[in-house]
file my_file.csv (CSV, C-alpha atoms and all ligand atoms)
chain,number,residue,atom,x,y,z
L,830,MET,CA,-52.8,31.1,19.5
L,831,LYS,CA,-55.9,29.1,18.8
L,832,LYS,CA,-58.8,31.0,17.0
L,833,LEU,CA,-62.3,30.5,18.4
L,834,GLY,CA,-65.7,30.9,16.8
L,835,VAL,CA,-68.7,31.0,19.1
L,836,LEU,CA,-72.4,30.4,18.3
L,837,ILE,CA,-75.0,31.8,20.6
L,838,SER,CA,-78.8,32.2,20.8
L,839,GLY,CA,-79.4,33.9,24.2
L,840,GLY,CA,-78.0,35.6,27.2
L,841,GLY,CA,-74.4,34.5,26.6
L,842,THR,CA,-73.3,33.8,30.1
L,843,ASN,CA,-71.2,30.9,28.8
L,844,LEU,CA,-69.7,33.2,26.2
L,845,GLN,CA,-68.9,35.7,29.0
L,846,ALA,CA,-67.2,33.0,31.0
L,847,ILE,CA,-64.9,32.4,28.0
L,848,ILE,CA,-64.3,36.1,27.4
L,849,ASP,CA,-63.4,36.6,31.1
L,850,ASN,CA,-61.0,33.6,31.1
L,851,ILE,CA,-59.3,34.9,27.9
L,852,GLU,CA,-58.9,38.3,29.5
L,853,ASN,CA,-57.4,36.9,32.7
L,854,GLY,CA,-55.0,34.7,30.7
L,855,ASN,CA,-56.4,31.3,31.7
L,856,ILE,CA,-57.5,30.6,28.1
L,857,ARG,CA,-54.7,31.1,25.6
L,858,GLY,CA,-57.0,31.7,22.7
L,859,ARG,CA,-58.8,34.5,20.8
L,860,ILE,CA,-62.5,34.7,19.9
L,861,GLU,CA,-62.5,35.8,16.2
L,862,LEU,CA,-66.2,35.9,15.8
L,863,VAL,CA,-69.5,35.5,17.7
L,864,VAL,CA,-72.6,34.6,15.6
L,865,SER,CA,-76.2,34.6,16.9
L,866,ASN,CA,-79.3,33.4,15.1
L,867,ASN,CA,-81.3,35.6,17.4
L,868,LYS,CA,-81.0,39.4,16.9
L,869,GLY,CA,-82.0,40.2,20.5
L,870,ALA,CA,-79.4,37.8,22.0
L,871,TYR,CA,-77.7,39.6,24.9
L,872,GLY,CA,-74.6,37.7,24.1
L,873,LEU,CA,-74.1,40.0,21.1
L,874,ILE,CA,-73.9,42.9,23.5
L,875,ARG,CA,-71.4,41.0,25.6
L,876,ALA,CA,-69.2,40.4,22.5
L,877,GLN,CA,-69.5,44.0,21.4
L,878,ARG,CA,-68.5,45.2,24.9
L,879,ALA,CA,-65.4,43.0,24.7
L,880,GLY,CA,-64.5,44.4,21.2
L,881,ILE,CA,-65.2,41.0,19.6
L,882,ASP,CA,-66.4,40.8,16.0
L,883,SER,CA,-70.1,39.7,16.2
L,884,LEU,CA,-72.8,39.0,13.6
L,885,PHE,CA,-76.6,38.4,13.7
L,886,ILE,CA,-77.2,36.1,10.8
L,887,ASN,CA,-80.9,35.6,10.4
L,888,PRO,CA,-81.9,32.0,9.4
L,889,LYS,CA,-85.0,33.5,7.8
L,890,ASP,CA,-82.8,35.1,5.2
L,891,PHE,CA,-81.9,31.7,3.8
L,892,SER,CA,-83.9,29.1,1.8
L,893,SER,CA,-83.0,26.3,4.1
L,894,ASN,CA,-81.0,25.4,7.3
L,895,GLN,CA,-78.4,24.0,4.9
L,896,GLU,CA,-78.0,27.3,3.1
L,897,TYR,CA,-77.9,29.1,6.5
L,898,ASN,CA,-75.1,26.8,7.7
L,899,LEU,CA,-73.1,27.4,4.5
L,900,LYS,CA,-73.1,31.1,5.4
L,901,LEU,CA,-71.9,30.2,8.9
L,902,ILE,CA,-69.1,28.0,7.5
L,903,GLN,CA,-68.1,30.8,5.2
L,904,GLU,CA,-67.8,33.4,8.0
L,905,PHE,CA,-65.9,31.1,10.3
L,906,LYS,CA,-63.6,29.8,7.6
L,907,ALA,CA,-62.8,33.3,6.5
L,908,ARG,CA,-61.5,33.9,10.0
L,909,LYS,CA,-59.6,30.6,10.1
L,910,VAL,CA,-61.1,29.5,13.4
L,911,ASP,CA,-59.7,26.3,15.0
L,912,LEU,CA,-62.6,25.6,17.3
L,913,ILE,CA,-66.4,26.2,17.2
L,914,VAL,CA,-68.0,26.6,20.6
L,915,LEU,CA,-71.8,26.2,20.9
L,916,ALA,CA,-72.6,28.4,23.9
L,917,GLY,CA,-76.3,28.2,24.4
L,918,TYR,CA,-76.9,27.8,20.7
L,919,LEU,CA,-80.3,26.3,20.0
L,920,LYS,CA,-80.3,25.5,16.3
L,921,ILE,CA,-79.3,22.2,14.7
L,922,LEU,CA,-76.0,22.3,12.8
L,923,SER,CA,-76.1,20.9,9.2
L,924,PRO,CA,-74.1,17.8,8.1
L,925,ASP,CA,-72.0,20.2,6.0
L,926,PHE,CA,-71.1,22.2,9.1
L,927,ILE,CA,-70.3,19.1,11.2
L,928,LYS,CA,-68.1,17.7,8.4
L,929,GLU,CA,-66.3,21.0,7.9
L,930,PHE,CA,-65.4,21.3,11.6
L,931,SER,CA,-65.2,17.6,12.4
L,932,ASN,CA,-64.0,17.0,16.0
L,933,ARG,CA,-63.6,20.8,16.4
L,934,ILE,CA,-67.1,21.7,17.7
L,935,ILE,CA,-67.9,21.6,21.4
L,936,ASN,CA,-71.2,22.0,23.1
L,937,ILE,CA,-72.3,22.6,26.7
L,938,HIS,CA,-75.4,20.8,27.8
L,939,PRO,CA,-77.1,21.3,31.2
L,940,SER,CA,-77.4,17.7,32.3
L,941,LEU,CA,-75.2,14.6,32.8
L,942,ILE,CA,-75.4,13.2,29.2
L,943,PRO,CA,-76.8,10.7,28.2
L,944,SER,CA,-79.5,11.5,30.8
L,945,PHE,CA,-82.0,14.2,29.9
L,946,SER,CA,-80.4,14.9,26.6
L,947,GLY,CA,-81.3,14.7,22.9
L,948,ASP,CA,-84.3,16.2,21.0
L,949,GLY,CA,-86.5,18.5,23.2
L,950,TYR,CA,-84.1,18.6,26.1
L,951,TYR,CA,-82.8,22.2,26.5
L,952,GLY,CA,-82.9,25.1,29.0
L,953,GLU,CA,-85.4,24.8,31.7
L,954,ARG,CA,-87.0,21.7,30.3
L,955,VAL,CA,-83.9,19.7,31.3
L,956,HIS,CA,-84.1,20.9,35.0
L,957,ARG,CA,-87.8,20.3,35.2
L,958,ALA,CA,-87.4,16.7,33.9
L,959,VAL,CA,-84.6,16.1,36.4
L,960,ILE,CA,-86.7,17.3,39.4
L,961,GLN,CA,-89.8,15.5,38.2
L,962,TYR,CA,-87.9,12.2,37.9
L,963,GLY,CA,-86.6,12.6,41.5
L,964,CYS,CA,-82.9,12.6,40.6
L,965,LYS,CA,-80.5,13.2,43.5
L,966,VAL,CA,-77.7,14.6,41.3
L,967,SER,CA,-77.6,16.5,38.1
L,968,GLY,CA,-74.9,18.5,36.4
L,969,ALA,CA,-73.4,19.6,33.1
L,970,THR,CA,-71.6,18.1,30.2
L,971,VAL,CA,-69.2,19.4,27.6
L,972,HIS,CA,-69.0,17.2,24.5
L,973,LEU,CA,-67.8,17.1,21.0
L,974,VAL,CA,-70.6,17.6,18.5
L,975,ASP,CA,-71.3,14.9,16.0
L,976,GLU,CA,-74.3,14.3,13.7
L,977,GLY,CA,-76.6,13.5,16.5
L,978,THR,CA,-78.2,15.7,19.2
L,979,ASP,CA,-76.0,15.7,22.3
L,980,THR,CA,-74.5,12.4,21.3
L,981,GLY,CA,-70.8,13.2,20.6
L,982,PRO,CA,-67.9,12.0,22.8
L,983,ILE,CA,-67.9,13.5,26.3
L,984,ILE,CA,-65.0,15.8,27.2
L,985,LEU,CA,-65.9,16.9,30.8
L,986,GLN,CA,-68.8,16.5,33.2
L,987,GLU,CA,-69.4,17.8,36.7
L,988,CYS,CA,-72.2,17.0,39.2
L,989,VAL,CA,-74.4,19.1,41.4
L,990,LYS,CA,-76.6,17.9,44.2
L,991,VAL,CA,-80.4,18.1,43.8
L,992,ASP,CA,-81.9,19.1,47.1
L,993,ASP,CA,-85.3,18.1,48.4
L,994,GLU,CA,-86.9,21.5,47.9
L,995,GLU,CA,-85.0,22.2,44.6
L,996,THR,CA,-86.8,24.4,42.1
L,997,VAL,CA,-86.2,24.6,38.4
L,998,GLU,CA,-84.7,28.1,38.9
L,999,SER,CA,-82.4,27.0,41.8
L,1000,LEU,CA,-81.2,23.9,39.9
L,1001,GLN,CA,-80.6,26.0,36.7
L,1002,ARG,CA,-78.5,28.4,38.7
L,1003,LYS,CA,-76.4,25.6,40.2
L,1004,VAL,CA,-75.9,23.9,36.9
L,1005,LEU,CA,-75.1,27.1,35.0
L,1006,GLU,CA,-72.3,27.7,37.4
L,1007,VAL,CA,-70.8,24.3,36.6
L,1008,GLU,CA,-71.4,24.9,32.9
L,1009,HIS,CA,-69.3,28.0,33.0
L,1010,LYS,CA,-66.5,26.1,34.8
L,1011,ILE,CA,-66.3,23.0,32.6
L,1012,LEU,CA,-66.8,24.9,29.3
L,1013,VAL,CA,-63.9,27.2,30.2
L,1014,ASP,CA,-61.8,24.1,31.2
L,1015,ALA,CA,-62.6,22.4,27.9
L,1016,VAL,CA,-61.7,25.4,25.8
L,1017,ARG,CA,-58.5,25.9,27.8
L,1018,LEU,CA,-57.5,22.3,27.2
L,1019,PHE,CA,-58.2,22.5,23.5
L,1020,CYS,CA,-56.1,25.7,23.2
L,1021,GLU,CA,-53.3,23.8,25.0
L,1022,ASP,CA,-53.6,20.9,22.6
L,1023,ARG,CA,-54.4,18.6,25.6
L,1024,LEU,CA,-57.5,16.8,24.2
L,1025,SER,CA,-56.9,13.5,22.6
L,1026,VAL,CA,-59.9,11.9,20.8
L,1027,GLU,CA,-59.9,8.1,20.2
L,1028,GLY,CA,-63.4,7.0,19.1
L,1029,ARG,CA,-65.7,7.8,21.9
L,1030,GLN,CA,-62.9,8.3,24.4
L,1031,VAL,CA,-61.6,11.8,25.0
L,1032,LYS,CA,-58.4,11.8,27.0
L,1033,ILE,CA,-56.8,14.8,28.7
L,1034,LEU,CA,-53.1,14.8,28.1
M,1101,LIG,C1,-78.3,27.6,29.5
M,1101,LIG,O1,-79.5,27.2,30.0
M,1101,LIG,C2,-77.4,26.5,29.3
M,1101,LIG,O2,-77.8,25.4,30.0
M,1101,LIG,C3,-77.5,26.2,27.8
M,1101,LIG,O3,-77.9,27.3,27.2
M,1101,LIG,C4,-78.6,28.2,28.1
M,1101,LIG,C5,-78.2,29.6,28.0
M,1101,LIG,O4,-76.8,29.7,28.2
M,1101,LIG,N1,-76.2,25.7,27.4
M,1101,LIG,P1,-76.1,31.2,28.0
M,1101,LIG,O5,-76.4,32.0,29.3
M,1101,LIG,O6,-76.8,31.8,26.8
M,1101,LIG,O7,-74.7,30.9,27.8

call {"tool": "encode", "arguments": {"input": "my_file.csv", "output": "structure tokens"}}
result
Amino acid sequence: MKKLGVLISGGGTNLQAIIDNIENGNIRGRIELVVSNNKGAYGLIRAQRAGIDSLFINPKDFSSNQEYNLKLIQEFKARKVDLIVLAGYLKILSPDFIKEFSNRIINIHPSLIPSFSGDGYYGERVHRAVIQYGCKVSGATVHLVDEGTDTGPIILQECVKVDDEETVESLQRKVLEVEHKILVDAVRLFCEDRLSVEGRQVKIL
């Protein structure tokens, strides 16, 4: 049974999708720990309700992002996690963290990477940029995390149509639905040992 560690910063709807799919048997894994950098993250409540170990670790308690990440590494290694899931996590991971969990960190991004991704593209900003550009499709991407921002090998993507009268809120709702779906699929495939990574190519076995 694969052990999962989840990092959150906000509402935790992606976390909830994973919790629900573990409970219904779709994902054969177990969330060992949920960590938030934000004390008020509703995702912490979701974890507690599901009986999952959860921690608020305050970056302000550490002298640097590097020191903060060493604490994260320590907590996840203590629980022997096999996969780290960034589920709406808004802080940058340190090189130490990326190295420690190389090819075992996945992130969900609310656009079709490489469009509207990278520094400054998160949350509503993504959907606003998509609409302002006049795109006809958008979507979500699950990818492995490497040293860059949203630059790791892509695991899964799925599109949504951008309608003429689309608003940021309506597009965010559409994309969030797809995020939940493909994040759950990616975690499920990892737990089934069905992801094969060769360079930038991620194959599903
Ligand atoms: C969402 O906007 C999603 O696009 C991104 O993080 C935000 C919060 O997600 N991945 P969640 O509801 O906290 O999972």

call {"tool": "closest_residue", "arguments": {"input": "my_file.csv", "among": "L:Glu976, L:Glu896, L:Glu1021, L:Glu861", "to": "Asp882 of chain L", "atoms": "all atoms listed in the file"}}
result
L:Glu861

call {"tool": "closest_atom_pairs", "arguments": {"input": "my_file.csv", "of": "chain L", "to": "ligand LIG 1101 (chain M)", "cutoff": "7 Å", "atoms": "all atoms listed in the file", "output": "CSV"}}
result
residue,atom,partner,partner_atom,distance
L:Ile837,CA,M:LIG1101,O6,6.5
L:Ser838,CA,M:LIG1101,O6,6.3
L:Gly839,CA,M:LIG1101,O6,4.2
L:Gly840,CA,M:LIG1101,O6,4.0
L:Gly841,CA,M:LIG1101,O6,3.6
L:Thr842,CA,M:LIG1101,O5,3.7
L:Asn843,CA,M:LIG1101,O7,3.6
L:Leu844,CA,M:LIG1101,O7,5.7
L:Gly872,CA,M:LIG1101,O6,6.9
L:Ala916,CA,M:LIG1101,O7,5.1
L:Gly917,CA,M:LIG1101,O3,3.3
L:Tyr918,CA,M:LIG1101,O3,6.6
L:Ile937,CA,M:LIG1101,N1,5.0
L:His938,CA,M:LIG1101,N1,5.0
L:Pro939,CA,M:LIG1101,O2,4.3
L:Tyr951,CA,M:LIG1101,C3,6.8
L:Gly952,CA,M:LIG1101,O1,4.1
L:Glu953,CA,M:LIG1101,O1,6.6
L:Gln1001,CA,M:LIG1101,O1,6.9
L:Leu1005,CA,M:LIG1101,O2,5.9

call {"tool": "closest_residue", "arguments": {"input": "my_file.csv", "among": "L:Ile921, L:Ile1011, L:Leu973, L:Val1016", "to": "Gln895 of chain L", "atoms": "all atoms listed in the file"}}
result
L:Ile921

call {"tool": "closest_residue", "arguments": {"input": "my_file.csv", "among": "L:His1009, L:Val989, L:Ser923, L:His972", "to": "Gln1030 of chain L", "atoms": "only C-alpha atoms"}}
result
L:His972

call {"tool": "closest_residue", "arguments": {"input": "my_file.csv", "among": "L:Gly981, L:Gly834, L:Gly854, L:Gly963", "to": "Ser883 of chain L", "atoms": "all atoms listed in the file"}}
result
L:Gly834

call {"tool": "closest_residue", "arguments": {"input": "my_file.csv", "among": "L:Leu922, L:Val914, L:Gly1028, L:Thr980", "to": "Ser944 of chain L", "atoms": "all atoms listed in the file"}}
result
L:Thr980

call {"tool": "residues_around", "arguments": {"input": "my_file.csv", "residues": "Leu1000 of chain L", "least_positions_apart": "6", "cutoff": "12 Å", "atoms": "only C-alpha atoms", "output": "mmCIF file with C-alpha atoms, in the coordinates of the input"}}
result
data_model
loop_
_atom_site.group_PDB
_atom_site.id
_atom_site.type_symbol
_atom_site.label_atom_id
_atom_site.label_comp_id
_atom_site.auth_asym_id
_atom_site.auth_seq_id
_atom_site.Cartn_x
_atom_site.Cartn_y
_atom_site.Cartn_z
ATOM 1 C CA PRO L 939 -77.100 21.300 31.200
ATOM 2 C CA SER L 940 -77.400 17.700 32.300
ATOM 3 C CA GLY L 952 -82.900 25.100 29.000
ATOM 4 C CA GLU L 953 -85.400 24.800 31.700
ATOM 5 C CA ARG L 954 -87.000 21.700 30.300
ATOM 6 C CA VAL L 955 -83.900 19.700 31.300
ATOM 7 C CA HIS L 956 -84.100 20.900 35.000
ATOM 8 C CA ARG L 957 -87.800 20.300 35.200
ATOM 9 C CA ALA L 958 -87.400 16.700 33.900
ATOM 10 C CA VAL L 959 -84.600 16.100 36.400
ATOM 11 C CA ILE L 960 -86.700 17.300 39.400
ATOM 12 C CA CYS L 964 -82.900 12.600 40.600
ATOM 13 C CA LYS L 965 -80.500 13.200 43.500
ATOM 14 C CA VAL L 966 -77.700 14.600 41.300
ATOM 15 C CA SER L 967 -77.600 16.500 38.100
ATOM 16 C CA GLY L 968 -74.900 18.500 36.400
ATOM 17 C CA ALA L 969 -73.400 19.600 33.100
ATOM 18 C CA CYS L 988 -72.200 17.000 39.200
ATOM 19 C CA VAL L 989 -74.400 19.100 41.400
ATOM 20 C CA LYS L 990 -76.600 17.900 44.200
ATOM 21 C CA VAL L 991 -80.400 18.100 43.800
ATOM 22 C CA ASP L 992 -81.900 19.100 47.100
ATOM 23 C CA ASP L 993 -85.300 18.100 48.400
ATOM 24 C CA GLU L 994 -86.900 21.500 47.900
ATOM 25 C CA GLU L 1006 -72.300 27.700 37.400
ATOM 26 C CA VAL L 1007 -70.800 24.300 36.600
#

call {"tool": "atom_distance", "arguments": {"input": "my_file.csv", "atom1": "atom CA of Leu884 of chain L", "atom2": "atom CA of Glu904 of chain L"}}
result
9.4 Å

call {"tool": "atom_distance", "arguments": {"input": "my_file.csv", "atom1": "atom CA of Asn850 of chain L", "atom2": "atom CA of Lys909 of chain L"}}
result
21.3 Å

call {"tool": "atom_distance", "arguments": {"input": "my_file.csv", "atom1": "atom CA of Arg859 of chain L", "atom2": "atom CA of Val910 of chain L"}}
result
9.2 Å

call {"tool": "axis_aligned_box", "arguments": {"input": "my_file.csv", "around": "segment 904-907 of chain L", "padding_each_side": "4 Å", "output": "JSON"}}
result
{"center_x": -65.3, "center_y": 31.6, "center_z": 8.4, "size_x": 13.0, "size_y": 11.6, "size_z": 11.8}

call {"tool": "closest_residue", "arguments": {"input": "my_file.csv", "among": "L:Asn887, L:Asn853, L:Thr970, L:Asn932", "to": "Ala870 of chain L", "atoms": "all atoms listed in the file"}}
result
L:Asn887

call {"tool": "decode", "arguments": {"input": "my_file.csv", "residues": "segment 924-993 of chain L", "atoms": "C-alpha atoms", "output": "JSON list (two decimals), in the first residue's frame"}}
result
[["chain", "number", "residue", "atom", "x", "y", "z"],
["L", 924, "PRO", "CA", 16.29, 21.95, -4.07],
["L", 925, "ASP", "CA", 16.85, 19.68, -1.02],
["L", 926, "PHE", "CA", 13.17, 18.69, -1.03],
["L", 927, "ILE", "CA", 13.08, 18.10, -4.81],
["L", 928, "LYS", "CA", 16.22, 15.94, -4.54],
["L", 929, "GLU", "CA", 14.94, 13.95, -1.56],
["L", 930, "PHE", "CA", 11.70, 13.04, -3.35],
["L", 931, "SER", "CA", 13.02, 13.05, -6.94],
["L", 932, "ASN", "CA", 10.34, 11.90, -9.44],
["L", 933, "ARG", "CA", 7.98, 11.30, -6.49],
["L", 934, "ILE", "CA", 6.32, 14.73, -6.27],
["L", 935, "ILE", "CA", 3.23, 15.57, -8.32],
["L", 936, "ASN", "CA", 1.52, 18.92, -8.74],
["L", 937, "ILE", "CA", -1.87, 19.94, -10.12],
["L", 938, "HIS", "CA", -1.92, 23.13, -12.19],
["L", 939, "PRO", "CA", -5.09, 24.84, -13.48],
["L", 940, "SER", "CA", -4.03, 25.30, -17.12],
["L", 941, "LEU", "CA", -2.72, 23.29, -20.08],
["L", 942, "ILE", "CA", 1.03, 23.55, -19.34],
["L", 943, "PRO", "CA", 3.18, 25.08, -20.84],
["L", 944, "SER", "CA", 0.49, 27.73, -21.41],
["L", 945, "PHE", "CA", -0.24, 30.08, -18.51],
["L", 946, "SER", "CA", 2.19, 28.40, -16.17],
["L", 947, "GLY", "CA", 5.36, 29.33, -14.33],
["L", 948, "ASP", "CA", 6.05, 32.21, -11.95],
["L", 949, "GLY", "CA", 2.99, 34.31, -11.13],
["L", 950, "TYR", "CA", 0.47, 31.91, -12.70],
["L", 951, "TYR", "CA", -1.69, 30.45, -9.94],
["L", 952, "GLY", "CA", -5.36, 30.38, -8.88],
["L", 953, "GLU", "CA", -7.62, 32.99, -10.48],
["L", 954, "ARG", "CA", -4.70, 34.71, -12.25],
["L", 955, "VAL", "CA", -4.50, 31.72, -14.59],
["L", 956, "HIS", "CA", -8.17, 31.83, -15.60],
["L", 957, "ARG", "CA", -8.14, 35.63, -16.00],
["L", 958, "ALA", "CA", -5.15, 35.38, -18.36],
["L", 959, "VAL", "CA", -6.82, 32.59, -20.37],
["L", 960, "ILE", "CA", -9.99, 34.65, -20.86],
["L", 961, "GLN", "CA", -8.10, 37.86, -21.62],
["L", 962, "TYR", "CA", -6.04, 36.05, -24.25],
["L", 963, "GLY", "CA", -9.23, 34.82, -25.92],
["L", 964, "CYS", "CA", -8.42, 31.10, -25.64],
["L", 965, "LYS", "CA", -11.13, 28.66, -26.79],
["L", 966, "VAL", "CA", -9.95, 25.81, -24.57],
["L", 967, "SER", "CA", -8.25, 25.62, -21.22],
["L", 968, "GLY", "CA", -7.87, 22.77, -18.76],
["L", 969, "ALA", "CA", -5.67, 21.25, -16.08],
["L", 970, "THR", "CA", -2.35, 19.46, -15.90],
["L", 971, "VAL", "CA", -0.84, 17.00, -13.45],
["L", 972, "HIS", "CA", 2.94, 16.89, -13.69],
["L", 973, "LEU", "CA", 6.00, 15.69, -11.88],
["L", 974, "VAL", "CA", 7.77, 18.46, -10.00],
["L", 975, "ASP", "CA", 11.33, 19.33, -10.93],
["L", 976, "GLU", "CA", 13.54, 22.30, -10.03],
["L", 977, "GLY", "CA", 11.51, 24.70, -12.17],
["L", 978, "THR", "CA", 8.05, 26.17, -11.64],
["L", 979, "ASP", "CA", 5.42, 23.99, -13.40],
["L", 980, "THR", "CA", 8.15, 22.62, -15.72],
["L", 981, "GLY", "CA", 8.32, 18.93, -14.82],
["L", 982, "PRO", "CA", 7.26, 16.06, -17.11],
["L", 983, "ILE", "CA", 3.51, 15.99, -17.77],
["L", 984, "ILE", "CA", 1.53, 13.00, -16.47],
["L", 985, "LEU", "CA", -2.07, 13.84, -17.47],
["L", 986, "GLN", "CA", -3.96, 16.75, -19.02],
["L", 987, "GLU", "CA", -7.62, 17.34, -19.76],
["L", 988, "CYS", "CA", -9.34, 20.20, -21.63],
["L", 989, "VAL", "CA", -12.40, 22.31, -20.93],
["L", 990, "LYS", "CA", -14.18, 24.58, -23.44],
["L", 991, "VAL", "CA", -13.96, 28.34, -22.85],
["L", 992, "ASP", "CA", -17.38, 29.78, -23.72],
["L", 993, "ASP", "CA", -18.01, 33.25, -25.18]]
